[in-house]
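First comes the structure, then the notes that go with it.
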Amino acid sequence: MTVIVKKTTQLIAGLVFLYGIYVIVHGHLTPGGGFAGGVIIAGSFILLILAFGSDFMKLTKEESGSTLYENLAILIVAFLACSGLIFGTGIFFLNWLPKGTAGELISAGIIPLYNIFVGIEVAASILTIFLALIIFKEEMPE
């Protein structure tokens with residue numbers, strides 16, 4: 001790719017990543033949340049890989065970084081779901097954190113934590129799928 005494409009991608013990818021974080025953090029107040037924000041964040045990384053090529057992330061067939069984040073995020077979401085059983089009154093997925101004033105950023109108890117970790121999991125999953133398509137592309141018979 002040309003220098004213009006690479007520099008433009010660097011600028012746009014940062015804005016796309018920041019917008020994905022915004023969608024995740026404000027998911028309990030506006031349409032969006034963990035899944036939508038995770039897709040947007042994965043899109044920012046995919047944009048960088050497409051502009052800079054597969055050498056940008058030093059891709060190998062043993063790529064395990066994104067799957068590590070994916071597994072950790074799933075584990076944390078499962079712990080948060082079970083935390084209602086431990087800290088609450090024995091109810092699975094109990095919103096046991098104190099709720100604030102409706103309409104404010106800190107106003108939904110444990111729901112923003114779910115959004116954050118679901119966003120990490122979705123971003124890592126989509127990035128893993130994209131990387132698998134790139135890494136194993138050369139092994140496909142034509």
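Ordered as shown in the structure tokens, chains take letters A, B, and onward, while each chain numbers its residues from 1 and ligands are numbered from 1 in the order shown.
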Find the nearest atom pair between each residue of range 8-112 of chain A and range 117-123 of chain A for residues within 7 Å, count only C-alpha atoms, give distances in Å to one decimal, sort rows by chain and ascending number, and present the table as a tab-separated table.
residue	atom	partner	partner_atom	distance
A:Ile24	CA	A:Gly119	CA	6.5
A:Gly34	CA	A:Gly119	CA	3.9
A:Phe35	CA	A:Gly119	CA	5.4
A:Gly37	CA	A:Gly119	CA	5.8
A:Gly38	CA	A:Gly119	CA	4.1
A:Val39	CA	A:Ala123	CA	5.6
A:Ile41	CA	A:Ala123	CA	5.9
A:Ala42	CA	A:Ala123	CA	4.6
A:Tyr69	CA	A:Glu121	CA	6.8
A:Glu70	CA	A:Glu121	CA	4.6
A:Ala73	CA	A:Phe117	CA	5.3
A:Ile74	CA	A:Glu121	CA	6.4
A:Val77	CA	A:Phe117	CA	6.4
Minimum-distance residue to Ile49 in chain A, chosen among A:Thr67, A:Ser83, A:Gln10, A:Thr30 (using only C-alpha atoms):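 Using only C-alpha atoms, the shortest distance to Ile49 in chain A belongs to A:Gln10.
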Calculate how many Å separate CA of Leu80 in chain A from CA of Val23 in chain A, rounding to one decimal.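 Straight-line distance from CA of Leu80 in chain A to CA of Val23 in chain A works out to 20.5 Å.
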Using only C-alpha atoms: which of A:Lys6, A:Asn71, A:Met1, A:Ile21 has the shortest distance to Asn115 in chain A: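 Selected residue with least distance to Asn115 in chain A: A:Ile21.
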Nearest residue to Ser125 in chain A out of A:Leu18, A:Ala81, A:Pro98, A:Leu68, using only C-alpha atoms?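 Residue with the minimum atom-to-atom distance to Ser125 in chain A: A:Leu68.
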Skip Ile106 in chain A itself and residues of its chain fewer than 4 positions away, then list as an mmCIF file with N, CA and C atoms, in the first residue's frame all residues within 10 Å of it, counting only C-alpha atoms.
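The file below, around_21.cif, is the result:
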data_model
loop_
_atom_site.group_PDB
_atom_site.id
_atom_site.type_symbol
_atom_site.label_atom_id
_atom_site.label_comp_id
_atom_site.auth_asym_id
_atom_site.auth_seq_id
_atom_site.Cartn_x
_atom_site.Cartn_y
_atom_site.Cartn_z
ATOM 1 N N VAL A 25 -18.781 1.282 26.411
ATOM 2 C CA VAL A 25 -18.955 1.916 27.714
ATOM 3 C C VAL A 25 -20.348 2.514 27.879
ATOM 4 N N HIS A 26 -20.921 3.004 26.793
ATOM 5 C CA HIS A 26 -22.255 3.607 26.864
ATOM 6 C C HIS A 26 -23.353 2.628 26.445
ATOM 7 N N HIS A 28 -25.200 0.566 28.061
ATOM 8 C CA HIS A 28 -26.387 0.468 28.913
ATOM 9 C C HIS A 28 -27.247 1.726 28.824
ATOM 10 N N LEU A 29 -26.752 2.763 28.153
ATOM 11 C CA LEU A 29 -27.507 4.010 28.015
ATOM 12 C C LEU A 29 -28.043 4.217 26.605
ATOM 13 N N PRO A 98 -24.227 -1.630 43.446
ATOM 14 C CA PRO A 98 -25.196 -0.542 43.624
ATOM 15 C C PRO A 98 -25.451 0.207 42.318
ATOM 16 N N LYS A 99 -26.696 0.587 42.129
ATOM 17 C CA LYS A 99 -27.081 1.314 40.925
ATOM 18 C C LYS A 99 -27.059 2.805 41.235
ATOM 19 N N GLY A 100 -26.674 3.609 40.255
ATOM 20 C CA GLY A 100 -26.618 5.058 40.442
ATOM 21 C C GLY A 100 -27.895 5.709 39.938
ATOM 22 N N THR A 101 -27.770 6.974 39.565
ATOM 23 C CA THR A 101 -28.896 7.724 39.023
ATOM 24 C C THR A 101 -29.103 7.328 37.562
ATOM 25 N N ALA A 102 -30.339 7.085 37.187
ATOM 26 C CA ALA A 102 -30.648 6.675 35.814
ATOM 27 C C ALA A 102 -30.205 7.746 34.829
ATOM 28 N N ILE A 110 -23.739 -3.893 37.550
ATOM 29 C CA ILE A 110 -22.749 -4.799 36.975
ATOM 30 C C ILE A 110 -22.849 -4.885 35.443
ATOM 31 N N ILE A 111 -23.886 -4.326 34.863
ATOM 32 C CA ILE A 111 -24.106 -4.436 33.418
ATOM 33 C C ILE A 111 -22.958 -3.849 32.596
ATOM 34 N N PRO A 112 -22.378 -2.677 32.946
ATOM 35 C CA PRO A 112 -21.228 -2.188 32.158
ATOM 36 C C PRO A 112 -20.030 -3.145 32.180
#
Which one of A:Tyr22, A:Phe17, A:Leu127, A:Lys7 sits closest to Leu105 in chain A if you count only C-alpha atoms? A:Tyr22
If you count only C-alpha atoms, the residue of A:Ala13, A:Cys82, A:Ile129, A:Ala36 closest to Leu50 in chain A turns out to be A:Ala13
Go through A:Ile46, A:Ala51, A:Ala78, A:Gly14 and flag the residue nearest Thr2 in chain A, using only C-alpha atoms for the distances.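 Among the listed residues, the smallest separation from Thr2 in chain A belongs to A:Ala51.
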List every residue of range 6-121 of chain A that DSSP, applied to the backbone, labels as alpha helix (DSSP H), and write the result as a VMD selection string. chain A and resid 6 to 25 34 to 52 65 to 87 111 to 121
Written selection (C-alpha atoms) as a PDB file, in the first residue's frame:
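File written: selection.pdb
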ATOM      1  CA  LYS A   6      -0.985   3.775   5.535  1.00  0.00           C
ATOM      2  CA  LYS A   7      -1.064   7.213   7.203  1.00  0.00           C
ATOM      3  CA  THR A   8      -4.803   7.612   6.636  1.00  0.00           C
ATOM      4  CA  THR A   9      -5.380   4.143   8.059  1.00  0.00           C
ATOM      5  CA  GLN A  10      -3.325   4.975  11.155  1.00  0.00           C
ATOM      6  CA  LEU A  11      -5.506   8.029  11.797  1.00  0.00           C
ATOM      7  CA  ILE A  12      -8.825   6.359  11.042  1.00  0.00           C
ATOM      8  CA  ALA A  13      -8.043   3.126  12.944  1.00  0.00           C
ATOM      9  CA  GLY A  14      -7.473   5.081  16.149  1.00  0.00           C
ATOM     10  CA  LEU A  15     -10.788   6.882  15.771  1.00  0.00           C
ATOM     11  CA  VAL A  16     -12.608   3.631  14.984  1.00  0.00           C
ATOM     12  CA  PHE A  17     -11.039   1.989  18.055  1.00  0.00           C
ATOM     13  CA  LEU A  18     -12.070   4.930  20.248  1.00  0.00           C
ATOM     14  CA  TYR A  19     -15.616   4.793  18.867  1.00  0.00           C
ATOM     15  CA  GLY A  20     -15.770   1.060  19.674  1.00  0.00           C
ATOM     16  CA  ILE A  21     -14.795   1.811  23.265  1.00  0.00           C
ATOM     17  CA  TYR A  22     -17.462   4.521  23.391  1.00  0.00           C
ATOM     18  CA  VAL A  23     -20.128   2.087  22.167  1.00  0.00           C
ATOM     19  CA  ILE A  24     -19.098  -0.497  24.781  1.00  0.00           C
ATOM     20  CA  VAL A  25     -18.955   1.916  27.714  1.00  0.00           C
ATOM     21  CA  GLY A  34     -20.439  -5.302  24.125  1.00  0.00           C
ATOM     22  CA  PHE A  35     -21.167  -7.089  20.875  1.00  0.00           C
ATOM     23  CA  ALA A  36     -21.473  -4.009  18.671  1.00  0.00           C
ATOM     24  CA  GLY A  37     -18.469  -2.322  20.261  1.00  0.00           C
ATOM     25  CA  GLY A  38     -16.389  -5.490  19.979  1.00  0.00           C
ATOM     26  CA  VAL A  39     -17.121  -5.729  16.267  1.00  0.00           C
ATOM     27  CA  ILE A  40     -16.089  -2.089  15.813  1.00  0.00           C
ATOM     28  CA  ILE A  41     -12.838  -2.611  17.750  1.00  0.00           C
ATOM     29  CA  ALA A  42     -12.021  -5.725  15.712  1.00  0.00           C
ATOM     30  CA  GLY A  43     -12.693  -3.669  12.582  1.00  0.00           C
ATOM     31  CA  SER A  44     -10.013  -1.180  13.599  1.00  0.00           C
ATOM     32  CA  PHE A  45      -7.409  -3.951  13.898  1.00  0.00           C
ATOM     33  CA  ILE A  46      -8.552  -5.538  10.647  1.00  0.00           C
ATOM     34  CA  LEU A  47      -8.215  -2.162   8.924  1.00  0.00           C
ATOM     35  CA  LEU A  48      -4.596  -1.904  10.106  1.00  0.00           C
ATOM     36  CA  ILE A  49      -3.805  -5.436   8.948  1.00  0.00           C
ATOM     37  CA  LEU A  50      -5.315  -4.781   5.532  1.00  0.00           C
ATOM     38  CA  ALA A  51      -3.338  -1.543   5.084  1.00  0.00           C
ATOM     39  CA  PHE A  52       0.021  -2.762   6.409  1.00  0.00           C
ATOM     40  CA  GLY A  65      -2.551 -13.706  21.461  1.00  0.00           C
ATOM     41  CA  SER A  66      -6.138 -13.032  20.468  1.00  0.00           C
ATOM     42  CA  THR A  67      -7.359 -16.435  21.657  1.00  0.00           C
ATOM     43  CA  LEU A  68      -5.806 -15.738  25.065  1.00  0.00           C
ATOM     44  CA  TYR A  69      -7.856 -12.540  25.394  1.00  0.00           C
ATOM     45  CA  GLU A  70     -10.931 -14.357  24.131  1.00  0.00           C
ATOM     46  CA  ASN A  71     -10.618 -17.116  26.726  1.00  0.00           C
ATOM     47  CA  LEU A  72      -9.878 -14.726  29.590  1.00  0.00           C
ATOM     48  CA  ALA A  73     -12.875 -12.541  28.720  1.00  0.00           C
ATOM     49  CA  ILE A  74     -15.190 -15.564  28.620  1.00  0.00           C
ATOM     50  CA  LEU A  75     -13.827 -16.710  31.983  1.00  0.00           C
ATOM     51  CA  ILE A  76     -14.434 -13.279  33.537  1.00  0.00           C
ATOM     52  CA  VAL A  77     -17.987 -13.106  32.136  1.00  0.00           C
ATOM     53  CA  ALA A  78     -18.679 -16.547  33.596  1.00  0.00           C
ATOM     54  CA  PHE A  79     -17.282 -15.400  36.957  1.00  0.00           C
ATOM     55  CA  LEU A  80     -19.448 -12.256  36.862  1.00  0.00           C
ATOM     56  CA  ALA A  81     -22.496 -14.395  36.117  1.00  0.00           C
ATOM     57  CA  CYS A  82     -21.710 -16.675  39.052  1.00  0.00           C
ATOM     58  CA  SER A  83     -20.848 -13.756  41.343  1.00  0.00           C
ATOM     59  CA  GLY A  84     -24.549 -13.223  41.925  1.00  0.00           C
ATOM     60  CA  LEU A  85     -24.665 -16.695  43.428  1.00  0.00           C
ATOM     61  CA  ILE A  86     -21.713 -15.913  45.675  1.00  0.00           C
ATOM     62  CA  PHE A  87     -22.290 -12.286  46.726  1.00  0.00           C
ATOM     63  CA  ILE A 111     -24.106  -4.436  33.418  1.00  0.00           C
ATOM     64  CA  PRO A 112     -21.228  -2.188  32.158  1.00  0.00           C
ATOM     65  CA  LEU A 113     -18.752  -4.854  33.305  1.00  0.00           C
ATOM     66  CA  TYR A 114     -20.606  -7.414  31.207  1.00  0.00           C
ATOM     67  CA  ASN A 115     -20.479  -5.029  28.245  1.00  0.00           C
ATOM     68  CA  ILE A 116     -16.722  -4.489  28.618  1.00  0.00           C
ATOM     69  CA  PHE A 117     -15.794  -8.153  28.814  1.00  0.00           C
ATOM     70  CA  VAL A 118     -18.253  -9.230  26.115  1.00  0.00           C
ATOM     71  CA  GLY A 119     -16.724  -6.505  23.920  1.00  0.00           C
ATOM     72  CA  ILE A 120     -13.231  -7.874  24.536  1.00  0.00           C
ATOM     73  CA  GLU A 121     -14.415 -11.404  23.781  1.00  0.00           C
TER      74      GLU A 121
END
Interatomic distance between CA of Ile135 in chain A and CA of Gly53 in chain A?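 Atom-to-atom, CA of Ile135 in chain A to CA of Gly53 in chain A, that is 11.4 Å.
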